[in-house]
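**Student:** One structure, pasted below without further comment.
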Amino acid sequence: MVLAAVAVVAMVSAIGGLSLVRFYDDQLVRQTEAELLSQGAVLSEVVAAELARHLDAPTSYGLVATAARPRAADPRLTPLVPMLRANDPVLPAPPPAPPAAGPADPAALATGLALSPLLDEVSRTTLAGLRLVDVNGVVVASTEKDAVGRSVESRVEFQRALTGEAVSLLRERQADPRDSPLEGLSRSNAIRVVVALPVVREGRVWAVLLLLRTPMTLAKAVYGDRKSLGATTLVLVAVVALVVLGLSIVIVRPVRALVRQTRAIARGDADGARAIARPRVAELAELSTSLETMAALLDQRARYIQGFTSSVSHEFKTPLASMRGAIELLEHDFEALSAEQRRKFLGNLGADVDRLTRLVERLLLLARADIATASNATTDVDQVVSALAAPRITVAPSSERLVARIPADALAAALAHLVENGLAHAGAQATVTVSCARLGGTAAVDVKDDGPGISEANAQRIFEPFFTTARTTGGTGLGLSIATALIKAFGGSVTLVSRSPGAHFRITVPLAPAERR
């Protein structure tokens, strides 16, 4: 979520920045258009009033206005709303206006002569180019004196304005050597805003006002607002710094703590391997907890291997020492020993070899059990239990079919070890009973013997590897360890239910999903 939030902020910032630049460009163009429309609206009223003084028949003067003027909710209002955008089509710069083919309209010419000083005064203040054009396209007044008497009849903005439409458009602007640097008044933009406003009275177009102004460039606008933009930039830098600081607190510091935790695990430092206190991010908290659990399991496994290795070494040393002693006696005193003594020593050697063989076989079984992995194999528990029937072994299958999620050979091997332990330790005349039943979502297999049971002290250690009370008769102390490892690998457990009278062990294994209810 944090990374997603950062990506969204970065994307929004980039898109917002581009949009802001485009919006700023649009605003500069519309600001210029709005200025020209405002000037034109005022000048249009002045021109209409002056032109009316020179007309004998105002209702028949000019051309009929066919275009509808925009209106607001109030029918008395005819607003002129700036609509240009910086990415609107830009028309090429018009060629120089040619001399008019005919004379200007007398009334319009008189109006132009009367208003020329006003246009000049307005232009000196607003820096806009202003032209008054009669309905024939002849310029009768202009802030550029060489434009008077020339014709703009062919220009598209003039033709549209003759219909009574207020026209705003963009045209290309040629670079001017008089363009000033950032702090100057002149505007060095490559486009120019052109507004053509018809002077409409009595539903007829009496004249057209052409207004031109170059919009401010983005660079000049930014330079003009450099103080406020500088302050905004400082605020943005502060926000970015806070975001970076926040990310450092939320992500970087916990990650560094995780690095320290992993290094502590590598060194075997138990204190440093503990989960970090305030990770702040759920995924980092889960990772840190998993590392702590892994370190604990590795430490537990290392201690188990250390103890297991020590026990294996001890179990092997005893028969090996006995075998070495017997071999040395046979080597050095073979002639002095009687035939009976020789047979006794050879019998001891054979017994020790058998014990070592059993130890190796059980260790291999234990290793396989430790690395056994869960599978989707299922087993009919009753069939496995029924197969154990033999002298001194009584089986009691369940009253219902129990299908457990464990391979048949794994369950059979675990039960065989429990039954073997019962027969070996309960006494020569003891019997073992094996029964099974449903226990919640598991199949429970009980193995009971009718022997003297297990002492309280021994009951605390019976699941330890190599612990046995029958070492003299060949016991290895690995039977219960193997059975426990086999059942645990498939999600089950082996427990001592009761130690007397008679030992009572229980194996529980999960039922197959289809058998649960």
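We label chains A, B, ... in the order they appear in the structure tokens, count residues from 1 in each chain, and number ligands from 1 in the order shown.
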List the neighbours of range 254-261 of chain A out to 9 Å using only C-alpha atoms; skip same-chain residues closer than 5 positions along the sequence, and give me the result as an mmCIF file with C-alpha atoms, in the first residue's frame.
**Tutor:**
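Result written to part15.cif:
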```
data_model
loop_
_atom_site.group_PDB
_atom_site.id
_atom_site.type_symbol
_atom_site.label_atom_id
_atom_site.label_comp_id
_atom_site.auth_asym_id
_atom_site.auth_seq_id
_atom_site.Cartn_x
_atom_site.Cartn_y
_atom_site.Cartn_z
ATOM 1 C CA SER A 248 12.245 6.664 5.737
ATOM 2 C CA ILE A 249 10.279 6.148 8.943
ATOM 3 C CA ALA A 266 23.712 -15.286 11.097
ATOM 4 C CA GLY A 272 19.220 -9.641 18.111
ATOM 5 C CA ALA A 273 17.067 -12.230 16.305
ATOM 6 C CA ARG A 274 13.881 -11.041 18.002
ATOM 7 C CA ALA A 275 11.164 -9.425 15.862
ATOM 8 C CA ILE A 276 11.505 -5.657 15.448
ATOM 9 C CA ARG A 278 7.463 -1.208 15.589
ATOM 10 C CA PRO A 279 7.714 -2.180 11.910
ATOM 11 C CA ARG A 280 4.730 0.068 10.945
ATOM 12 C CA VAL A 281 4.147 -1.912 7.726
ATOM 13 C CA LEU A 284 7.541 -6.051 7.234
ATOM 14 C CA ALA A 285 6.030 -7.073 10.575
ATOM 15 C CA LEU A 287 8.567 -10.896 7.635
ATOM 16 C CA SER A 288 10.280 -9.953 10.894
ATOM 17 C CA LEU A 291 12.545 -14.454 10.696
ATOM 18 C CA GLU A 292 12.270 -14.700 14.478
#
```
**Student:** Residues of range 82-291 of chain A in alpha helix (DSSP H) according to DSSP, as a short mmCIF file (atom, residue, chain, number, x, y, z; two decimals) with C-alpha atoms, in the first residue's frame?
**Tutor:**
```cif
data_model
loop_
_atom_site.label_atom_id
_atom_site.label_comp_id
_atom_site.auth_asym_id
_atom_site.auth_seq_id
_atom_site.Cartn_x
_atom_site.Cartn_y
_atom_site.Cartn_z
CA PRO A 106 -18.22 58.60 -45.51
CA ALA A 107 -20.00 58.10 -42.17
CA ALA A 108 -17.48 55.47 -41.07
CA LEU A 109 -14.59 57.64 -42.26
CA ALA A 110 -15.87 60.59 -40.25
CA THR A 111 -16.27 58.38 -37.21
CA GLY A 112 -12.73 57.07 -37.67
CA LEU A 113 -11.30 60.57 -37.85
CA ALA A 114 -13.16 61.54 -34.70
CA LEU A 115 -12.10 58.47 -32.71
CA SER A 116 -8.48 58.13 -33.84
CA PRO A 117 -7.15 60.09 -30.83
CA LEU A 118 -9.19 57.87 -28.50
CA LEU A 119 -7.84 54.67 -30.12
CA ASP A 120 -4.30 55.98 -29.80
CA GLU A 121 -4.79 56.82 -26.13
CA VAL A 122 -6.32 53.42 -25.38
CA SER A 123 -3.51 51.64 -27.23
CA ARG A 124 -0.83 53.49 -25.28
CA THR A 125 -2.37 52.12 -22.08
CA THR A 126 -3.41 48.61 -23.11
CA VAL A 156 -11.78 35.34 -42.23
CA GLU A 157 -12.33 37.12 -38.92
CA PHE A 158 -13.74 40.16 -40.74
CA GLN A 159 -16.05 38.08 -42.91
CA ARG A 160 -17.46 36.27 -39.89
CA ALA A 161 -17.87 39.53 -37.95
CA LEU A 218 4.81 31.29 -19.98
CA ALA A 219 8.42 32.27 -19.28
CA LYS A 220 7.50 35.94 -18.83
CA ALA A 221 4.50 35.03 -16.67
CA VAL A 222 6.64 32.79 -14.48
CA TYR A 223 9.30 35.50 -14.24
CA GLY A 224 6.64 38.02 -13.27
CA ARG A 226 8.76 34.53 -9.51
CA LYS A 227 8.30 35.49 -5.86
CA SER A 228 5.02 33.66 -5.36
CA LEU A 229 6.25 30.72 -7.45
CA GLY A 230 9.45 30.63 -5.42
CA ALA A 231 7.42 30.45 -2.23
CA THR A 232 5.28 27.68 -3.74
CA THR A 233 8.43 25.80 -4.77
CA LEU A 234 9.76 26.01 -1.23
CA VAL A 235 6.47 24.61 0.06
CA LEU A 236 6.64 21.75 -2.46
CA VAL A 237 10.24 21.02 -1.50
CA ALA A 238 9.17 20.93 2.14
CA VAL A 239 6.32 18.54 1.25
CA VAL A 240 8.72 16.28 -0.69
CA ALA A 241 11.13 16.34 2.25
CA LEU A 242 8.30 15.33 4.57
CA VAL A 243 7.29 12.52 2.18
CA VAL A 244 10.89 11.29 2.05
CA LEU A 245 11.12 11.48 5.83
CA GLY A 246 7.83 9.62 6.13
CA LEU A 247 9.02 6.90 3.76
CA ARG A 253 14.17 2.18 9.08
CA PRO A 254 12.23 -1.10 9.41
CA VAL A 255 14.21 -2.53 6.49
CA ARG A 256 17.47 -1.58 8.19
CA ALA A 257 16.16 -3.19 11.38
CA LEU A 258 15.41 -6.33 9.34
CA VAL A 259 18.98 -6.30 8.02
CA ARG A 260 20.30 -6.08 11.58
CA GLN A 261 17.97 -8.92 12.58
CA THR A 262 19.23 -11.18 9.77
CA ARG A 263 22.85 -10.41 10.68
CA ALA A 264 22.08 -11.31 14.30
CA ILE A 265 20.57 -14.60 13.12
CA ALA A 266 23.71 -15.29 11.10
CA ARG A 267 25.85 -14.65 14.21
CA ALA A 282 2.18 -5.16 7.99
CA GLU A 283 4.31 -7.02 5.44
CA LEU A 284 7.54 -6.05 7.23
CA ALA A 285 6.03 -7.07 10.58
CA GLU A 286 5.10 -10.46 9.15
CA LEU A 287 8.57 -10.90 7.63
CA SER A 288 10.28 -9.95 10.89
CA THR A 289 8.09 -12.36 12.88
CA SER A 290 8.81 -15.11 10.35
CA LEU A 291 12.55 -14.45 10.70
#
```
**Student:** Identify, with DSSP run on backbone atoms, the residues in range 147-345 of chain A assigned to strand (DSSP E or B), and express the list as a count of residues only.
**Tutor:** 29
**Student:** Excluding Leu37 in chain A and its own-chain neighbours fewer than 5 positions away, which residues fall within 12 Å of it when counting only C-alpha atoms? Please give them as a short mmCIF file (atom, residue, chain, number, x, y, z; two decimals) with C-alpha atoms, in the first residue's frame.
**Tutor:**
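Once written, selection38.cif looks like this:
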```cif
data_model
loop_
_atom_site.label_atom_id
_atom_site.label_comp_id
_atom_site.auth_asym_id
_atom_site.auth_seq_id
_atom_site.Cartn_x
_atom_site.Cartn_y
_atom_site.Cartn_z
CA ARG A 30 -7.89 33.68 -22.29
CA GLN A 31 -6.70 36.57 -20.15
CA THR A 32 -5.55 38.38 -23.32
CA VAL A 42 -16.58 49.64 -24.62
CA LEU A 43 -15.19 50.92 -27.90
CA SER A 44 -18.13 49.37 -29.76
CA PRO A 79 -22.11 38.32 -22.52
CA LEU A 80 -18.85 37.88 -24.42
CA VAL A 81 -17.12 34.91 -22.80
CA PRO A 82 -13.44 34.19 -23.60
CA MET A 83 -13.19 30.66 -25.05
CA LEU A 84 -9.76 30.43 -26.68
CA ALA A 128 -3.32 46.46 -28.02
CA LEU A 130 -6.93 48.66 -32.59
CA ALA A 166 -18.05 38.07 -32.20
CA VAL A 167 -14.93 36.27 -33.41
CA SER A 168 -11.80 35.27 -31.44
CA VAL A 193 -4.90 36.81 -30.24
CA VAL A 194 -7.23 38.47 -32.75
CA VAL A 195 -10.72 39.62 -31.80
CA ALA A 196 -13.21 40.92 -34.36
CA LEU A 197 -16.25 42.62 -32.78
CA PRO A 198 -19.16 43.80 -34.91
CA LEU A 209 -13.57 46.56 -34.57
CA LEU A 210 -10.38 44.55 -34.97
CA LEU A 211 -8.31 44.16 -31.78
CA LEU A 212 -4.93 42.40 -31.64
CA ARG A 213 -2.69 41.56 -28.71
#
```
**Student:** So, with only C-alpha atoms as the atoms that count, which of A:Val250, A:Leu402, A:Ala457, A:Ala410 lies closest to Asp380 in chain A?
**Tutor:**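 Closest candidate: A:Leu402.
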**Student:** What is the CA of Glu361 in chain A to CA of Ile305 in chain A distance in Å?
**Tutor:**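 Going from CA of Glu361 in chain A over to CA of Ile305 in chain A covers 18.3 Å.
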**Student:** As a CSV table (one decimal) with C-alpha atoms, in the first residue's frame, please: the residues near Val445 in chain A (cut-off 7 Å, only C-alpha atoms, same-chain neighbours under 5 positions excluded).
**Tutor:**
```csv
chain,number,residue,atom,x,y,z
A,434,VAL,CA,-5.3,-52.1,18.9
A,435,SER,CA,-8.6,-50.2,18.3
A,436,CYS,CA,-9.7,-47.3,16.3
A,437,ALA,CA,-12.6,-44.8,16.3
A,506,ARG,CA,-2.9,-42.9,21.0
A,507,ILE,CA,-2.2,-42.0,17.4
A,508,THR,CA,-4.5,-39.3,15.8
```
**Student:** So which residues touch Arg150 in chain A within 12 Å, counting only C-alpha atoms, skipping near sequence neighbours fewer than 5 positions away, as an NGL selection string?
**Tutor:** :A and (96-104 or 131-134 or 136-142 or 144-145)
**Student:** So which residues touch Phe467 in chain A within 8 Å, counting only C-alpha atoms, skipping near sequence neighbours fewer than 4 positions away, as a PyMOL selection string?
**Tutor:** chain A and resi 461-463+476-478
**Student:** For N, CA and C atoms, I'd like the residues from the last selection saved as a CSV table (one decimal), in the first residue's frame.
**Tutor:**
```
chain,number,residue,atom,x,y,z
A,461,ARG,N,10.3,-39.3,29.8
A,461,ARG,CA,11.4,-39.3,28.8
A,461,ARG,C,11.2,-40.3,27.7
A,462,ILE,N,10.0,-41.0,27.7
A,462,ILE,CA,9.9,-42.1,26.7
A,462,ILE,C,10.0,-41.6,25.2
A,463,PHE,N,9.7,-40.3,25.0
A,463,PHE,CA,9.7,-39.8,23.6
A,463,PHE,C,11.1,-39.3,23.2
A,476,THR,N,16.8,-50.0,21.3
A,476,THR,CA,17.6,-48.9,20.8
A,476,THR,C,17.0,-47.5,21.3
A,477,GLY,N,15.8,-47.5,21.8
A,477,GLY,CA,15.2,-46.2,22.2
A,477,GLY,C,14.8,-45.3,21.1
A,478,LEU,N,14.6,-45.9,19.9
A,478,LEU,CA,14.3,-45.1,18.7
A,478,LEU,C,12.9,-45.4,18.2
```
**Student:** Applying 12 Å and only C-alpha atoms, which residues near Ala396 in chain A remain after dropping the ones on its own chain fewer than 3 positions away? List them as a list in words.
**Tutor:**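 With the cut-off at 12 Å, the set is Val381, Asp382, Gln383, Val384, Val385, Ser386, Ala387, Leu388, Ala389, Ile393, Ser399, Glu400, Val432, Thr433, Val434, Ser435, Cys436, Ala437, Val445, Asp446, Val447 and Lys448 of chain A.
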**Student:** In Å, how far is it from CA of Val199 in chain A to CA of Asn87 in chain A?
**Tutor:**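 Computed distance, CA of Val199 in chain A to CA of Asn87 in chain A, equals 28.9 Å.
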